[in-house]
Amino acid sequence: MFRKILIANRGEIAVRIIATARRLGVATVAVHSDADADALHVALADEAVPIGGPQPADSYLRGDRLIEAALATGAEAIHPGYGFLSENPGFVEAVEAAGLTFIGPSAAAIRAMGLKDAAKALMARAGVPVVPGYHGEDQEPEHLALMAGDVGYPVLIKAVAGGGGKGMRRVERAEDFTAALASARAEARTAFGNEDVLIEKWIDCPRHIEVQVFGDGSDAVHLYERDCSLQRRHQKVIEEAPAPGMTPEMRAAMGEAAVRAARAIGYRGAGTVEFIVDGSEGLRPDRFWFMEMNTRLQVEHPVTEAVTGIDLVEWQLRVAAGEPLPLAQDEIPLMGHAFEARLYAEDVPAGFLPATGRLDHLRFADGIRADTGVRTGDRISPWYDPMIAKIVAHGPSRASALNRLARALEETEVAGTVTNLAFLGRLARHPGFAAGEVDTGLIARDLASLTEPVAVAPEITAAAILTAELGDMAPPLQGFSLWGPLRRHARLRRDGEEIAAMLIVEAPGRARVELGGVTLAARLCPEGWEVAGRHPGRVLRTDAQVHVFARQGTVSFEIPDPFDRGGEEAGQGGLTLSPMPGLVREVAVRVGEHVAKGDRLAVIEAMKMEHVLAASRDGRVAEVLVEAGAQVEAGAALVRLEDEDG
Ligand code: ADP
């Protein structure tokens with residue numbers, strides 16, 4: 001085994017690799033761009049090397065600097081993670097030329113699978129079923145149009161260098177072909193610098209099922225399948241293992257085809273063979289076709305780890321260090337069911353736009369695997385993928401695993417940036433998905449109901465108001481937060497809309513909120529405010545916001561600038577009330593005296609601490625309603641101010 005490895009990546013995958021390396025006693029070297037100097041992966045690694053500016057091209061894609069950093073720190077091998085340089089054969093060759101080990105396949109294997117057209121041709125020769133279509137060299141538009149006609153509409157145009165769903169266009173009719181080709185090419189040129197395309201038959205009721213393979217250069221096994229059919233615009237959203245409805249015959253046929261693909265290129269390390277499956281009549285062994293092979297660890301590898309109990313990163317390290325495959329095919333277990341949901345900083349109502357922001361708060365459900373590269377206080381920067389975490393749930397059955405996923409999503413707390421949490425939560429509770437009716441069109445068909453804004457229950461708003469105004473610490477702990485005035489206006493803002501309420505404090509820890517014509521009784525419990533007999537969710541107050549972590553997702557409110565409130569306080573008769581029950585230690589003003597905002601009016605003692613009550617505005621003392629030495633209740637009126645000219 002290696003003594004020390006360098007991880008040529010960032011974020012959750014770097015953190016994930018460090019965890020296994022540490023368990024195996026392998027020292028780790030992190031690399032980081034200037035934007036990631038304080039990142040979690042840097043903090044967790046044994047050593048860290050800065051490699052350049054925030055742009056990936058200046059840092060994580062700088063093969064030369066990565067190799068230099070490995071040599072300088074004495075690392076023996078480089079783990080590429082996924083993305084960045086993980087499937088770059090030139091990088092593999094440079095790593096090996098420097099006398100280091102690349103933790104992954106050979107440059108030749110990556111090259112063989114690098115372009116979709118060449119990979120398909122290779123697979124067809126190896127006897128692996130490929131999607132019917134055209135993947136030849138002639139790229140003349142007329143020829144491609146002719147081929148599309150032969151394949152039969154609808155067809156899918158795909159960039160041969162494609163990835164991440166880019167450069168793909170579904171074409172329904174021959175008359176739309178030329179325009180679709182032009183736009184697919186333009187996208188491919190920008191994204192990959194290669195505008196060649198192939199044409200595939202559009203598979204009906206398509207399901208994306210991929211097989212995890214593992215090779216040691218001479219032998220290969222598979223670790224069963226993952227179903228990644230829950231997609232939005234050809235991008236995976238929730239993945240699971242095994243595939244719903246999988247039969248032993250189909251699994252054997254797919255596994256065998258995938259292993260044949262891996263053996264055909266002498267594969268070493270972790271890889272994924274992606275198949276498209278026609279799910280219109282259940283899963284049938286003659287209805288799956290090779291799409292492409294990813295010659296790296298996949299984002300969704302944790303679901304395979306959950307159902308096999310195998311640490312895929314450990315296998316990667318062992319195989320790269322020269323060990324044979326740790327288990328034979330028939331020794332690889334398959335236990336229960338697992339799901340992974342990708343939690344992103346993105347604005348779902350705005351069309352899933354990537355978002356940025358500082359994570360004011362981040363907490364995952366107890367007992368759930370959450371692979372993340374960020375923690376509370378970190379920024380989701382515009383430089384990289386805005387993934388916050390992968391939430392992974394495992395259970396003995398599909399239903400129990402899905403239920404755990406749904407609960408885990410409901411219990412996930414994120415504040416400071418918008419996220420797709422509510423969208424994921426609704427997907428996890430989608431009846432069709434729960435019934436196993438998965439195909440790549442599910443999200444698009446139900447997009448409206450999966451993304452429509454949910455009404456915010458008044459209990460949620462009330463809990464936010466109570467926390468913003470009174471805090472959420474139970475009375476003996478709260479110190480001297482403001483339990484008064486007895487009755488006051490409270491305002492919050494949500495999505496640009498003003499929310500006005502009346503807050504009535506009845507006693508410490510007991511209040512009522514009048515909101516939109518209803519009155520809600522509230523009680524402060526150790527877990528926070530209970531409103532109308534239930535806990536709407538944990539509430540967190542940050543500087544200018546209150547967040548309620550409700551089951552439907554995080555509901556965030558802005559706290560308006562307190563100086564906007566002057567007029568209303570004056571409208572309440574200028575009363576200063578005791579914020580808590582206590583002893584009046586001192587009355588500092590007399591009737592008729594002029595006071596300025598901030599002047600000391602009275603001192604209340606409670607729990608052996610003194611609390612100074614100050615004037616909230618300029619004015620004249622109209623009434624003094626207590627004497628020093630008196631015991632008062634919370635909310636008792638102490639002093640009344642009036643306007644100077646009043
Ligand atoms: P990329 O490499 O850009 O991710 P893929 O070839 O992996 O592209 O395809 C991405 C997704 O597009 C698949 O998961 C599937 O949902 C859909 N897809 C691909 N090929 C077909 C096809 N022939 N018919 C229907 N859907 C397809």
# chains A, B, ... in the order shown; residues from 1 in each chain; ligands from 1
$ select_by_dssp --residues "range 259-299 of chain A" --states "alpha helix (DSSP H)" --output "ChimeraX atom specification"
/A:259-264
$ residues_near_ligand --ligand "ligand 1" --cutoff "6 Å" --atoms "only C-alpha atoms and all ligand atoms" --output "PyMOL selection string"
chain A and resi 156+162-166+200-203+206+208+234+291+440
$ closest_residue --among "A:Leu641, A:Leu198, A:Ala75, A:Ala500" --to "Gly517 in chain A" --atoms "only C-alpha atoms"
A:Ala500
$ closest_atom_pairs --of "range 45-83 of chain A" --to "range 301-321 of chain A" --cutoff "10 Å" --atoms "only C-alpha atoms" --output "Markdown table"
| residue | atom | partner | partner_atom | distance |
| --- | --- | --- | --- | --- |
| A:Glu76 | CA | A:Ala321 | CA | 9.8 |
| A:Ala77 | CA | A:Ala320 | CA | 8.6 |
| A:Ile78 | CA | A:Ala320 | CA | 10.0 |
| A:His79 | CA | A:Leu317 | CA | 8.6 |
| A:Gly81 | CA | A:Val313 | CA | 9.6 |
$ write_last_selection --atoms "all heavy atoms" --output "compact mmCIF listing (two decimals), in the first residue's frame"
# COMPACT_ATOMS: atom_id res chain seq x y z
N GLU A 76 3.41 9.14 -3.48
CA GLU A 76 3.78 8.12 -4.46
C GLU A 76 2.74 7.96 -5.56
O GLU A 76 3.02 7.38 -6.60
CB GLU A 76 3.92 6.76 -3.76
CG GLU A 76 4.90 6.77 -2.62
CD GLU A 76 4.57 5.66 -1.62
OE1 GLU A 76 4.70 4.49 -1.99
OE2 GLU A 76 4.14 5.98 -0.49
N ALA A 77 1.54 8.45 -5.28
CA ALA A 77 0.46 8.23 -6.25
C ALA A 77 -0.48 9.43 -6.25
O ALA A 77 -0.53 10.19 -5.28
CB ALA A 77 -0.31 6.96 -5.88
N ILE A 78 -1.24 9.56 -7.34
CA ILE A 78 -2.21 10.66 -7.47
C ILE A 78 -3.59 10.09 -7.69
O ILE A 78 -3.81 9.30 -8.61
CB ILE A 78 -1.83 11.60 -8.63
CG1 ILE A 78 -0.47 12.27 -8.33
CG2 ILE A 78 -2.92 12.66 -8.85
CD1 ILE A 78 -0.06 13.32 -9.34
N HIS A 79 -4.52 10.49 -6.82
CA HIS A 79 -5.93 10.12 -7.03
C HIS A 79 -6.62 11.32 -7.69
O HIS A 79 -6.60 12.41 -7.15
CB HIS A 79 -6.60 9.79 -5.70
CG HIS A 79 -7.92 9.09 -5.88
ND1 HIS A 79 -8.93 9.60 -6.67
CD2 HIS A 79 -8.38 7.91 -5.40
CE1 HIS A 79 -9.96 8.75 -6.66
NE2 HIS A 79 -9.65 7.72 -5.89
N GLY A 81 -9.90 11.77 -8.33
CA GLY A 81 -11.31 12.04 -8.03
C GLY A 81 -12.14 11.88 -9.28
O GLY A 81 -11.86 11.00 -10.12
$ closest_residue --among "A:Glu12, A:Glu410, A:Glu137, A:Glu437" --to "Asp117 in chain A" --atoms "only C-alpha atoms"
A:Glu137
$ residues_around --residues "Leu601 in chain A" --least-positions-apart "3" --cutoff "7 Å" --atoms "only C-alpha atoms" --output "list in words"
Val587, Ala588, Val589, Leu613, Ala614 and Ala615 of chain A
$ closest_residue --among "A:Gly441, A:Ala39, A:Ala435, A:Val513" --to "Thr372 in chain A" --atoms "only C-alpha atoms"
A:Ala39
$ residues_around --residues "Ala35 in chain A" --least-positions-apart "2" --cutoff "6 Å" --atoms "only C-alpha atoms" --output "list of chain:residue names"
A:Ser33, A:Ala37, A:Pro54
$ closest_residue --among "A:Ala464, A:Val456, A:Met113, A:Ile380" --to "Met293 in chain A" --atoms "only C-alpha atoms"
A:Met113
$ residues_around --residues "Ser381 in chain A" --least-positions-apart "4" --cutoff "12 Å" --atoms "only C-alpha atoms" --output "list of chain:residue names"
A:Gly11, A:Ser33, A:Asp34, A:Ala35, A:Asp36, A:Ala39, A:Pro54, A:Gln55, A:Ala345, A:Pro354, A:Ala355, A:Thr356, A:Gly357, A:Arg358, A:Leu359, A:Val374, A:Asp385, A:Pro386, A:Met387, A:Ile388, A:Thr417
$ write_last_selection --atoms "C-alpha atoms" --output "mmCIF file, in the first residue's frame"
data_model
loop_
_atom_site.group_PDB
_atom_site.id
_atom_site.type_symbol
_atom_site.label_atom_id
_atom_site.label_comp_id
_atom_site.auth_asym_id
_atom_site.auth_seq_id
_atom_site.Cartn_x
_atom_site.Cartn_y
_atom_site.Cartn_z
ATOM 1 C CA GLY A 11 -14.764 19.381 -2.386
ATOM 2 C CA SER A 33 -6.735 26.928 -5.532
ATOM 3 C CA ASP A 34 -6.607 30.376 -3.949
ATOM 4 C CA ALA A 35 -10.384 30.228 -3.553
ATOM 5 C CA ASP A 36 -10.125 27.007 -1.529
ATOM 6 C CA ALA A 39 -11.724 24.544 2.395
ATOM 7 C CA PRO A 54 -9.485 30.072 -8.581
ATOM 8 C CA GLN A 55 -10.168 29.276 -12.247
ATOM 9 C CA ALA A 345 -27.070 25.405 -4.097
ATOM 10 C CA PRO A 354 -26.741 27.666 -9.774
ATOM 11 C CA ALA A 355 -26.542 29.793 -6.640
ATOM 12 C CA THR A 356 -23.745 31.017 -4.429
ATOM 13 C CA GLY A 357 -23.619 32.255 -0.878
ATOM 14 C CA ARG A 358 -22.224 31.716 2.564
ATOM 15 C CA LEU A 359 -23.569 28.687 4.377
ATOM 16 C CA VAL A 374 -18.344 22.179 3.025
ATOM 17 C CA ASP A 385 -19.856 22.986 -9.047
ATOM 18 C CA PRO A 386 -22.414 24.216 -6.491
ATOM 19 C CA MET A 387 -23.000 20.808 -4.933
ATOM 20 C CA ILE A 388 -23.406 21.018 -1.167
ATOM 21 C CA THR A 417 -28.141 30.035 0.135
#
